[in-house]
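Novice: Input structure: my_file.cif, which contains mmCIF, C-alpha atoms and all ligand atoms.
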```cif
data_upload
loop_
_atom_site.label_atom_id
_atom_site.label_comp_id
_atom_site.auth_asym_id
_atom_site.auth_seq_id
_atom_site.Cartn_x
_atom_site.Cartn_y
_atom_site.Cartn_z
CA MET N 1 -5.49 11.75 -7.27
CA LEU N 2 -3.07 13.95 -5.42
CA ARG N 3 -4.34 17.48 -5.38
CA ILE N 4 -1.97 20.21 -6.38
CA ASP N 5 -1.69 22.98 -3.86
CA LEU N 6 -0.97 25.93 -6.11
CA SER N 7 -0.34 28.24 -3.19
CA ASP N 8 2.92 26.35 -2.58
CA LEU N 9 4.35 27.11 -5.96
CA PRO N 10 6.93 29.79 -6.50
CA VAL N 11 6.45 32.30 -9.33
CA ALA N 12 5.47 30.32 -12.40
CA SER N 13 8.40 30.20 -14.76
CA SER N 14 8.51 27.89 -17.77
CA GLU N 15 10.98 25.77 -15.79
CA THR N 16 8.47 25.44 -12.94
CA ALA N 17 5.65 24.58 -15.31
CA ARG N 18 7.76 21.87 -16.95
CA HIS N 19 8.73 20.48 -13.57
CA LEU N 20 5.12 20.48 -12.42
CA ASN N 21 3.91 18.79 -15.62
CA ARG N 22 6.60 16.14 -15.16
CA ARG N 23 5.31 15.44 -11.66
CA VAL N 24 1.73 15.26 -12.86
CA ILE N 25 2.65 12.74 -15.57
CA LEU N 26 4.83 10.71 -13.21
CA ASN N 27 2.00 10.58 -10.65
CA LEU N 28 -0.51 9.52 -13.30
CA ILE N 29 1.77 6.72 -14.47
CA ARG N 30 2.29 5.57 -10.88
CA ASP N 31 -1.43 5.62 -10.18
CA LYS N 32 -2.76 4.13 -13.44
CA GLN N 33 0.12 1.98 -14.72
CA PRO N 34 0.29 0.52 -17.32
CA ILE N 35 -1.08 3.51 -19.23
CA SER N 36 -0.87 4.83 -22.80
CA ARG N 37 0.38 8.28 -23.84
CA ALA N 38 -3.10 9.08 -25.19
CA ASP N 39 -4.69 8.33 -21.81
CA LEU N 40 -2.02 10.41 -20.08
CA ALA N 41 -2.92 13.36 -22.32
CA ARG N 42 -6.63 12.84 -21.71
CA LEU N 43 -6.29 12.54 -17.91
CA SER N 44 -3.77 15.36 -17.47
CA GLY N 45 -5.33 17.78 -19.94
CA LEU N 46 -1.86 18.35 -21.43
CA GLN N 47 -1.20 18.40 -25.18
CA ARG N 48 -0.18 15.13 -26.79
CA SER N 49 3.14 16.69 -27.88
CA THR N 50 3.90 17.84 -24.30
CA VAL N 51 3.10 14.36 -22.96
CA SER N 52 5.37 12.76 -25.57
CA LEU N 53 8.21 15.10 -24.67
CA ILE N 54 7.87 14.44 -20.93
CA THR N 55 7.56 10.67 -21.32
CA GLU N 56 10.69 10.60 -23.53
CA GLU N 57 12.54 12.47 -20.76
CA LEU N 58 11.24 10.06 -18.13
CA ILE N 59 12.28 7.05 -20.20
CA GLU N 60 15.71 8.56 -20.75
CA GLY N 61 16.03 9.24 -17.01
CA ARG N 62 15.08 5.58 -16.40
CA TRP N 63 12.01 6.48 -14.33
CA VAL N 64 9.60 4.97 -16.79
CA VAL N 65 9.78 1.99 -19.16
CA GLU N 66 7.69 0.91 -22.10
CA GLY N 67 5.79 -2.26 -21.36
CA THR N 68 3.12 -4.28 -23.07
CA THR N 69 1.02 -3.17 -26.00
CA GLY N 70 -2.51 -2.08 -25.23
CA ARG N 71 -5.63 -3.25 -27.05
CA LEU N 72 -7.95 -0.96 -28.90
CA PRO N 73 -11.05 -1.95 -30.88
CA ARG N 74 -9.44 -0.67 -34.07
CA GLY N 75 -6.38 1.19 -35.24
CA ARG N 76 -2.85 1.17 -33.96
CA ARG N 77 -2.01 -0.53 -30.65
CA PRO N 78 -0.46 1.91 -28.16
CA THR N 79 2.63 1.02 -26.14
CA LEU N 80 1.85 1.23 -22.44
CA LEU N 81 4.09 2.95 -19.92
CA LEU N 82 4.93 1.90 -16.39
CA LEU N 83 7.35 2.83 -13.62
CA ASN N 84 10.81 1.35 -13.94
CA GLN N 85 10.85 -1.28 -11.20
CA ARG N 86 14.59 -1.66 -11.51
CA ARG N 87 15.15 1.75 -9.96
CA ARG N 88 16.04 1.09 -6.33
CA ILE N 89 15.95 2.89 -3.00
CA ILE N 90 17.82 2.12 0.21
CA CYS N 91 15.50 2.42 3.20
CA ILE N 92 16.67 2.67 6.79
CA ASP N 93 14.55 2.73 9.94
CA ILE N 94 16.60 3.59 13.02
CA ARG N 95 15.04 2.55 16.32
CA PRO N 96 16.43 2.65 19.84
CA LYS N 97 17.26 -1.08 19.89
CA ARG N 98 17.60 -2.14 16.27
CA THR N 99 18.17 -0.53 12.91
CA PHE N 100 16.32 -1.98 9.91
CA ILE N 101 17.84 -1.81 6.44
CA ALA N 102 16.01 -2.69 3.22
CA ILE N 103 16.06 -2.24 -0.52
CA SER N 104 12.82 -1.27 -2.26
CA ASP N 105 11.72 -0.48 -5.79
CA VAL N 106 9.75 2.65 -6.71
CA ASN N 107 6.45 0.85 -6.03
CA GLY N 108 7.46 0.10 -2.43
CA VAL N 109 8.14 -3.59 -3.05
CA PHE N 110 11.07 -4.88 -0.98
CA SER N 111 13.78 -7.14 -2.36
CA PHE N 112 16.06 -7.23 0.68
CA GLN N 113 15.72 -6.72 4.43
CA GLU N 114 17.91 -7.10 7.48
CA SER N 115 18.41 -5.57 10.91
CA ILE N 116 21.44 -4.75 13.04
CA PRO N 117 21.65 -3.63 16.70
CA THR N 118 21.57 0.17 17.06
CA ALA N 119 24.79 1.46 18.63
CA ALA N 120 24.52 3.70 21.68
CA ASP N 121 26.89 6.22 20.11
CA PRO N 122 25.82 7.89 16.82
CA ASP N 123 29.31 7.91 15.26
CA ARG N 124 29.60 4.19 15.82
CA ALA N 125 26.06 3.69 14.50
CA VAL N 126 27.01 5.50 11.27
CA ARG N 127 30.15 3.37 10.91
CA GLN N 128 28.12 0.19 11.38
CA LEU N 129 25.51 1.34 8.88
CA LEU N 130 28.13 2.16 6.28
CA ALA N 131 29.74 -1.24 6.77
CA ARG N 132 26.37 -2.80 5.83
CA LEU N 133 25.67 -0.39 2.97
CA ARG N 134 29.00 -0.83 1.16
CA PRO N 135 28.33 -4.40 -0.05
CA LEU N 136 24.69 -3.55 -0.86
CA LEU N 137 25.76 -0.72 -3.14
CA LYS N 138 27.86 -3.16 -5.13
CA THR N 139 24.89 -5.43 -5.93
CA ARG N 140 23.20 -5.27 -9.35
CA THR N 141 25.18 -2.20 -10.37
CA GLU N 142 23.18 -2.00 -13.62
CA ASP N 143 20.11 -1.03 -11.54
CA PRO N 144 20.66 2.44 -10.12
CA PHE N 145 19.94 3.53 -6.55
CA GLU N 146 17.88 6.69 -6.36
CA GLY N 147 18.82 7.63 -2.82
CA ILE N 148 18.69 6.71 0.86
CA GLY N 149 15.68 7.42 3.09
CA ILE N 150 16.12 7.30 6.86
CA SER N 151 13.23 7.35 9.34
CA LEU N 152 14.15 8.34 12.88
CA PRO N 153 12.66 8.23 16.38
CA GLY N 154 13.23 11.97 16.79
CA ARG N 155 12.85 15.28 15.00
CA VAL N 156 15.02 16.80 12.32
CA ASP N 157 16.12 20.44 12.24
CA TYR N 158 15.57 21.25 8.57
CA THR N 159 17.99 24.15 8.50
CA THR N 160 20.95 22.14 9.81
CA GLN N 161 19.60 18.68 8.77
CA GLN N 162 20.64 17.47 12.21
CA LEU N 163 18.73 14.95 14.26
CA ILE N 164 17.41 16.77 17.32
CA PHE N 165 15.24 15.66 20.22
CA ALA N 166 15.46 11.87 20.21
CA PRO N 167 14.87 11.08 23.91
CA ASN N 168 14.42 7.33 23.40
CA LEU N 169 17.51 7.03 21.22
CA LYS N 170 19.52 9.10 23.71
CA TRP N 171 21.78 10.48 20.95
CA PRO N 172 22.98 14.06 21.09
CA ALA N 173 22.14 16.41 18.16
CA VAL N 174 23.96 14.79 15.26
CA ASP N 175 24.43 15.17 11.51
CA LEU N 176 23.76 11.74 9.98
CA LYS N 177 23.27 13.07 6.47
CA THR N 178 26.75 14.39 5.60
CA PRO N 179 28.88 11.32 6.45
CA ILE N 180 26.49 8.89 4.74
CA GLU N 181 26.19 11.05 1.61
CA ARG N 182 29.95 11.50 1.45
CA GLU N 183 30.62 7.79 1.72
CA THR N 184 27.83 6.47 -0.55
CA GLY N 185 27.54 9.29 -3.10
CA LEU N 186 23.75 9.05 -2.73
CA GLU N 187 21.40 11.74 -1.51
CA VAL N 188 20.07 11.09 2.00
CA ALA N 189 16.56 12.17 3.09
CA LEU N 190 15.93 12.20 6.84
CA GLU N 191 12.58 12.37 8.56
CA ASN N 192 10.78 11.65 11.79
CA ALA N 193 9.25 8.14 11.63
CA ALA N 194 5.65 9.33 12.09
CA ASN N 195 6.06 11.92 9.32
CA ALA N 196 7.60 9.27 7.06
CA CYS N 197 4.65 6.92 7.74
CA ALA N 198 2.19 9.70 6.89
CA LEU N 199 3.95 10.18 3.54
CA ALA N 200 3.93 6.42 2.88
CA GLU N 201 0.20 6.25 3.56
CA ILE N 202 -0.45 9.10 1.13
CA TRP N 203 1.97 7.76 -1.52
CA PHE N 204 1.27 4.08 -1.57
CA ASP N 205 -2.19 3.67 -0.14
CA ARG N 206 -5.69 4.86 -0.25
CA SER N 207 -5.22 8.25 1.34
CA ASN N 208 -4.51 10.25 -1.79
CA THR N 209 -7.58 12.35 -1.27
CA ILE N 210 -7.29 12.75 2.50
CA ARG N 211 -6.40 16.34 3.34
CA ASN N 212 -6.42 16.02 7.14
CA LEU N 213 -4.60 13.00 8.48
CA VAL N 214 -2.90 12.23 11.77
CA THR N 215 -0.43 9.36 11.98
CA ILE N 216 0.36 7.84 15.37
CA THR N 217 3.40 5.56 15.65
CA VAL N 218 3.56 3.54 18.84
CA SER N 219 6.70 1.64 19.80
CA GLU N 220 9.27 2.48 22.51
CA GLY N 221 7.69 5.94 22.45
CA ILE N 222 4.80 7.63 20.63
CA GLY N 223 5.27 9.89 17.62
CA THR N 224 2.62 11.73 15.67
CA ALA N 225 2.52 13.38 12.27
CA ILE N 226 -0.03 16.02 11.39
CA VAL N 227 -1.19 16.56 7.82
CA ALA N 228 -3.53 19.57 7.84
CA ASP N 229 -5.17 20.87 4.66
CA GLY N 230 -2.89 18.61 2.62
CA ARG N 231 0.34 19.86 4.16
CA LEU N 232 2.69 18.19 6.59
CA VAL N 233 2.80 20.45 9.64
CA ARG N 234 6.33 21.19 10.81
CA GLY N 235 6.04 24.02 13.30
CA ALA N 236 8.61 26.76 13.83
CA ASN N 237 11.41 24.39 14.85
CA GLY N 238 10.51 21.10 13.16
CA MET N 239 8.99 19.93 16.44
CA ALA N 240 5.27 19.89 15.58
CA GLY N 241 3.63 16.56 16.36
CA GLU N 242 5.48 15.88 19.62
CA LEU N 243 2.17 14.96 21.22
CA GLY N 244 3.84 11.88 22.71
CA HIS N 245 5.33 14.32 25.21
CA PHE N 246 2.07 16.00 26.16
CA PRO N 247 1.74 15.50 29.93
CA LEU N 248 -1.51 13.61 30.48
CA ASP N 249 -0.68 12.98 34.13
CA PRO N 250 1.69 15.51 35.74
CA GLU N 251 2.07 13.13 38.70
CA GLY N 252 2.87 10.18 36.45
CA PRO N 253 6.14 8.31 35.90
CA GLN N 254 9.25 10.11 34.69
CA CYS N 255 9.64 10.19 30.89
CA ALA N 256 12.91 10.05 28.94
CA CYS N 257 12.32 13.72 27.97
CA GLY N 258 12.64 14.76 31.63
CA ASN N 259 8.96 15.55 32.26
CA ARG N 260 6.41 13.44 34.09
CA GLY N 261 3.37 11.52 32.87
CA CYS N 262 3.83 12.17 29.13
CA TRP N 263 1.36 10.38 26.85
CA GLU N 264 4.11 8.03 25.65
CA ILE N 265 5.20 6.99 29.14
CA LEU N 266 1.56 5.96 29.75
CA ALA N 267 0.58 4.44 26.38
CA SER N 268 3.66 3.10 24.55
CA ASP N 269 4.83 -0.52 24.24
CA GLN N 270 7.16 0.18 27.16
CA ALA N 271 4.20 1.34 29.23
CA ALA N 272 2.34 -1.95 28.64
CA LEU N 273 5.46 -3.91 29.65
CA ARG N 274 5.78 -1.77 32.79
CA TYR N 275 2.10 -2.35 33.68
CA TYR N 276 2.66 -6.07 33.26
CA PHE N 277 5.80 -6.14 35.42
CA GLU N 278 4.11 -4.07 38.15
CA SER N 279 1.15 -6.42 38.39
CA ALA N 280 3.37 -9.51 38.08
CA ALA N 281 5.49 -8.25 40.99
CA ARG N 282 2.33 -7.73 43.06
CA SER N 283 1.16 -11.24 42.34
CA SER N 284 4.75 -12.40 43.10
CA ARG N 285 4.92 -14.08 39.73
CA GLN N 286 8.46 -14.68 38.52
CA ARG N 287 9.59 -11.85 36.34
CA ALA N 288 10.72 -12.62 32.79
CA PRO N 289 14.07 -10.86 32.51
CA GLU N 290 13.73 -9.55 28.94
CA LEU N 291 10.14 -9.49 27.80
CA GLU N 292 9.44 -7.98 24.37
CA PHE N 293 6.15 -6.30 23.52
CA ASN N 294 5.39 -8.94 20.88
CA ALA N 295 5.71 -11.65 23.54
CA LEU N 296 3.25 -9.73 25.72
CA LEU N 297 0.78 -9.71 22.80
CA SER N 298 1.03 -13.49 22.38
CA MET N 299 0.76 -14.09 26.14
CA ALA N 300 -2.48 -12.10 26.17
CA ASP N 301 -3.72 -14.09 23.17
CA GLN N 302 -3.01 -17.31 25.03
CA GLY N 303 -5.17 -16.21 27.95
CA ASP N 304 -2.61 -14.69 30.34
CA THR N 305 -4.85 -12.33 32.34
CA LEU N 306 -2.04 -10.09 33.61
CA ALA N 307 -0.79 -9.56 30.05
CA ALA N 308 -4.33 -8.83 28.84
CA LYS N 309 -4.88 -6.34 31.67
CA ALA N 310 -1.59 -4.58 30.88
CA LEU N 311 -2.66 -4.18 27.23
CA ASP N 312 -6.09 -2.92 28.30
CA LYS N 313 -4.43 -0.29 30.46
CA MET N 314 -2.27 0.75 27.51
CA ALA N 315 -5.38 0.90 25.28
CA VAL N 316 -7.20 3.18 27.74
CA GLN N 317 -4.26 5.61 27.81
CA LEU N 318 -3.77 5.45 24.06
CA ALA N 319 -7.44 6.25 23.54
CA ARG N 320 -7.20 9.27 25.90
CA GLY N 321 -4.43 10.72 23.76
CA VAL N 322 -6.36 10.03 20.56
CA ARG N 323 -9.31 11.96 21.99
CA MET N 324 -6.99 14.91 22.64
CA ILE N 325 -5.89 14.74 18.99
CA VAL N 326 -9.46 14.61 17.71
CA ALA N 327 -10.39 17.60 19.86
CA GLY N 328 -7.41 19.61 18.67
CA LEU N 329 -7.06 18.70 15.02
CA ASP N 330 -10.39 17.31 13.73
CA PRO N 331 -8.75 14.84 11.29
CA GLU N 332 -10.63 12.86 8.63
CA ALA N 333 -8.50 9.82 9.34
CA ILE N 334 -6.02 8.54 11.91
CA LEU N 335 -3.40 6.02 10.84
CA PHE N 336 -1.99 3.78 13.58
CA VAL N 337 1.44 2.25 13.14
CA GLY N 338 3.08 -0.21 15.51
CA GLU N 339 3.16 -3.76 16.75
CA PHE N 340 -0.02 -3.17 18.78
CA THR N 341 -2.07 -3.07 15.55
CA ALA N 342 -1.63 -6.87 15.45
CA ALA N 343 -4.05 -6.85 18.42
CA TRP N 344 -6.35 -4.23 16.84
CA GLY N 345 -9.45 -6.01 18.19
CA ARG N 346 -8.30 -5.15 21.73
CA PHE N 347 -7.51 -1.51 20.98
CA GLU N 348 -10.08 -0.39 18.44
CA PRO N 349 -13.20 -0.47 20.70
CA ARG N 350 -11.51 1.72 23.33
CA ILE N 351 -10.24 4.21 20.78
CA LYS N 352 -13.57 4.29 18.93
CA ALA N 353 -15.49 4.96 22.14
CA GLU N 354 -13.23 7.91 23.07
CA VAL N 355 -13.38 9.34 19.55
CA GLN N 356 -17.16 9.09 19.48
CA ALA N 357 -17.37 10.71 22.91
CA GLN N 358 -15.33 13.67 21.66
CA LYS N 359 -16.61 14.08 18.12
CA ILE N 360 -19.47 16.53 17.90
CA ALA N 361 -19.78 16.67 14.11
CA ALA N 362 -21.64 13.86 12.37
CA LEU N 363 -18.88 12.67 10.04
CA PRO N 364 -17.05 9.60 11.32
CA ILE N 365 -13.26 9.55 11.58
CA ALA N 366 -11.58 6.65 9.77
CA LEU N 367 -9.37 4.72 12.22
CA ILE N 368 -6.84 2.88 10.06
CA PRO N 369 -4.40 0.29 11.45
CA ALA N 370 -1.33 0.15 9.16
CA ARG N 371 -1.69 -2.99 7.07
CA ASP N 372 1.91 -4.07 7.03
CA GLY N 373 2.90 -3.12 10.57
CA GLU N 374 6.66 -3.02 10.73
CA LEU N 375 7.11 -2.40 7.02
CA THR N 376 5.19 0.87 7.16
CA ARG N 377 8.19 2.73 8.61
CA LEU N 378 10.47 1.34 5.92
CA ARG N 379 7.94 2.29 3.25
CA GLY N 380 7.99 5.74 4.80
CA SER N 381 11.72 5.88 4.04
CA VAL N 382 10.92 5.00 0.40
CA ALA N 383 8.38 7.84 0.25
CA LEU N 384 10.99 10.28 1.59
CA VAL N 385 13.30 9.57 -1.33
CA LEU N 386 10.56 9.58 -3.96
CA TYR N 387 8.92 12.71 -2.62
CA LYS N 388 10.96 15.13 -4.67
CA HIS N 389 9.94 13.36 -7.88
CA PHE N 390 6.34 12.48 -7.13
CA GLY N 391 5.43 14.92 -4.37
CA VAL N 392 2.90 17.49 -5.32
CA SER N 393 0.91 18.67 -2.38
CA LEU N 394 3.06 17.82 0.62
CA PRO N 395 6.16 19.96 0.90
CA VAL N 396 8.71 18.04 2.95
CA SER N 397 11.73 20.31 3.09
CA GLY N 398 11.60 23.19 5.52
CA THR N 399 12.05 25.72 2.75
CA ALA N 400 9.33 24.40 0.43
ZN ZN A 501 8.15 12.97 27.61
#
```
In structure tokens, write the structure found in this file.
Ligand SMILES: [Zn+2]
Specialist:
Amino acid sequence: MLRIDLSDLPVASSETARHLNRRVILNLIRDKQPISRADLARLSGLQRSTVSLITEELIEGRWVVEGTTGRLPRGRRPTLLLLNQRRRIICIDIRPKRTFIAISDVNGVFSFQESIPTAADPDRAVRQLLARLRPLLKTRTEDPFEGIGISLPGRVDYTTQQLIFAPNLKWPAVDLKTPIERETGLEVALENAANACALAEIWFDRSNTIRNLVTITVSEGIGTAIVADGRLVRGANGMAGELGHFPLDPEGPQCACGNRGCWEILASDQAALRYYFESAARSSRQRAPELEFNALLSMADQGDTLAAKALDKMAVQLARGVRMIVAGLDPEAILFVGEFTAAWGRFEPRIKAEVQAQKIAALPIALIPARDGELTRLRGSVALVLYKHFGVSLPVSGTA
């Protein structure tokens, strides 16, 4: 169960109480579906009449539908409620090279997916995105879209809603929200990819009771999201979690942010590729012109020693950064997102050893590789859109 952080609530008005009760009921339906009104009343502690009123509203708003009839030993058979799977969300995951677009239902099940190259210029990228979205919006018009969630390899300034600090994307500060909302008529929720993945883990997976979680996304760069005491940590400027740019080696290679030896320049997918190319050049092996990280993973699997060594080097550096996180934040769990989780057997022992070396307290830290790798970021975009309806304990907007 999601825990309700009452300290976040504004002064309790009847409007607030109704809103909160609606969220509690919606969360219970999501968690226990299909479920009867009687069970909702029992589990929520709300009066039967209040539950009936809220469920009628939810059915009218097309969030919830009546499904099968339940079985009871005697008496009347209750009609069970479940989330309306026909309610849809557009999910977008913008990455430096490619942008992924998908359609999901409220349970995070995808019905459509594609990817397009990411344009170097943000205005052009928005135009290309809109060109893809227009035909999608015309499909199955009887099934409404709830909104658009966009996960980004950068940070968002929550006062201006602009994308700021995206060194790997190399875009200037830009407002993606306004032009897409204007053109589609749908509300757009923007969020850093690591933050979005943290929300997805809490929404869709087993982490409902985890109060202290760190998410680490590893791809072209490294992003982290910090959930402390059940709240997503933002910092004063929306920049909290930029641990990828913590300088682990001040003499190290130059990072896209302008500094040297950042964690991400030592431990990202790009770092592993660089390690491979450096050792391949030394052994005068012919250089593959465009090697992708996935290809490096398969080469290592097939016994290529240089590829395996490059991944080991990446694992050592990744583990060093994880140790820094454990020392600083003492999380209950760390969620790892990225292609490297496909080779978890290579990475886990290194990370485990560093965590154990750091951890003084007896309780173990759960190290969780994201189950569905690439989809996790898209599911994060789903969570962004659903947050305002289901979210209880994790305020996302800067003002919450
Ligand atoms: Zn950096």
Novice: Please provide the set of residues having any atom within 9 Å of range 264-267 of chain N, restricted to only C-alpha atoms, with same-chain residues fewer than 2 positions apart removed, written as a VMD selection string.
Specialist: chain N and resid 218 220 to 223 243 to 249 252 to 256 260 to 262 269 to 272 313 to 319 321
Novice: Applying 12 Å and only C-alpha atoms, which residues near Phe165 in chain N remain after dropping the ones on its own chain fewer than 2 positions away? List them as a list in words.
Specialist: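 That gives Leu152, Pro153, Gly154, Arg155, Val156, Asp157, Gln162, Leu163, Pro167, Asn168, Leu169, Lys170, Trp171, Pro172, Ala173, Val174, Asn192, Gly223, Asn237, Gly238, Met239, Ala240, Glu242, His245, Ala256, Cys257 and Gly258 of chain N.
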Novice: Pick the closest to ligand ZN 501 (chain A) from N:Leu80, N:Ile334, N:Trp263, N:Leu199: which is it, counting only C-alpha atoms and all ligand atoms?
Specialist: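 Closest candidate: N:Trp263.
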Novice: Could you tell me how far CA of Met299 in chain N sits from CA of Phe347 in chain N, in Å to one decimal place?
Specialist: 15.9 Å
Novice: Mind pulling up the distance from CA of Ala342 in chain N to CA of Ala280 in chain N?
Specialist: 23.3 Å
Novice: Counting all atoms listed in the file, figure out which residue out of N:Leu232, N:Val109, N:Leu335, N:Ile90 gets nearest to Leu186 in chain N.
Specialist: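 The shortest atom-to-atom distance to Leu186 in chain N comes from N:Ile90.
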Novice: Hey, which of N:Ile368, N:Leu136, N:Ala236, N:Leu213 ends up closest to Leu329 in chain N? Count only C-alpha atoms.
Specialist: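 When distances to Leu329 in chain N are compared using only C-alpha atoms, the smallest one comes from N:Leu213.
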Novice: One number please: CA of Gln358 in chain N to CA of Glu332 in chain N, in Å, one decimal.
Specialist: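 CA of Glu332 in chain N lies at a distance of 13.9 Å from CA of Gln358 in chain N.
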Novice: Could you give me, as a count of residues only, the residues that have an atom at most 8 Å away from the point (17.7, 5.7, 6.3) in the coordinates of the file, using all atoms listed in the file?
Specialist: 15
Novice: Using all atoms listed in the file, determine which residues lie at most 10 Å from Ala120 in chain N, disregarding the query and same-chain residues fewer than 2 positions distant; provide the list as an NGL selection string.
Specialist: :N and (96-97 or 117-118 or 122-125 or 169-171)
Novice: Between N:Ala310, N:Ala166, N:Leu375, N:Ala343, which residue has the minimum interatomic distance to ligand ZN 501 (chain A), considering only C-alpha atoms and all ligand atoms?
Specialist: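 Residue with the minimum atom-to-atom distance to ligand ZN 501 (chain A): N:Ala166.
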Novice: Excluding Leu133 in chain N and its own-chain neighbours fewer than 3 positions away, which residues fall within 10 Å of it when counting only C-alpha atoms? Please give them as a list in words.
Specialist: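 In the requested form, the answer reads Ile90, Ile101, Ala102, Arg127, Gln128, Leu129, Leu130, Leu136, Leu137, Lys138, Ile180, Glu183 and Thr184 of chain N.
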Novice: With only C-alpha atoms and all ligand atoms as the atoms that count, which of N:Asn259, N:Ser298, N:Thr224, N:Ser283 lies nearest to ligand ZN 501 (chain A)?
Specialist: N:Asn259
Novice: Given 3 Å on each side, where is the centre and what are the edge lengths in Å to one decimal of the axis-aligned box enclosing the listed atoms of range 168-176 of chain N, as lines of an AutoDock Vina configuration file?
Specialist:
```
center_x = 19.4
center_y = 11.7
center_z = 16.8
size_x = 16.0
size_y = 15.4
size_z = 19.7
```
Novice: Of the residues N:Asn195, N:Thr160, N:Pro250, N:Glu290, which is the one nearest to ligand ZN 501 (chain A), using only C-alpha atoms and all ligand atoms?
Specialist: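 Nearest candidate to ligand ZN 501 (chain A) out of N:Asn195, N:Thr160, N:Pro250, N:Glu290: N:Pro250.
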Novice: Which residues, written as a count of residues only, have at least one atom at most 12 Å from Thr55 in chain N, with all atoms listed in the file counted and residues fewer than 2 positions away on the same chain left out?
Specialist: 35
Novice: Could you list as number ranges by chain every residue that has an atom within 9 Å of (3.4, 2.3, 7.2), using the file's coordinates and counting all atoms listed in the file?
Specialist: N: 194, 196-201, 335-338, 370-380
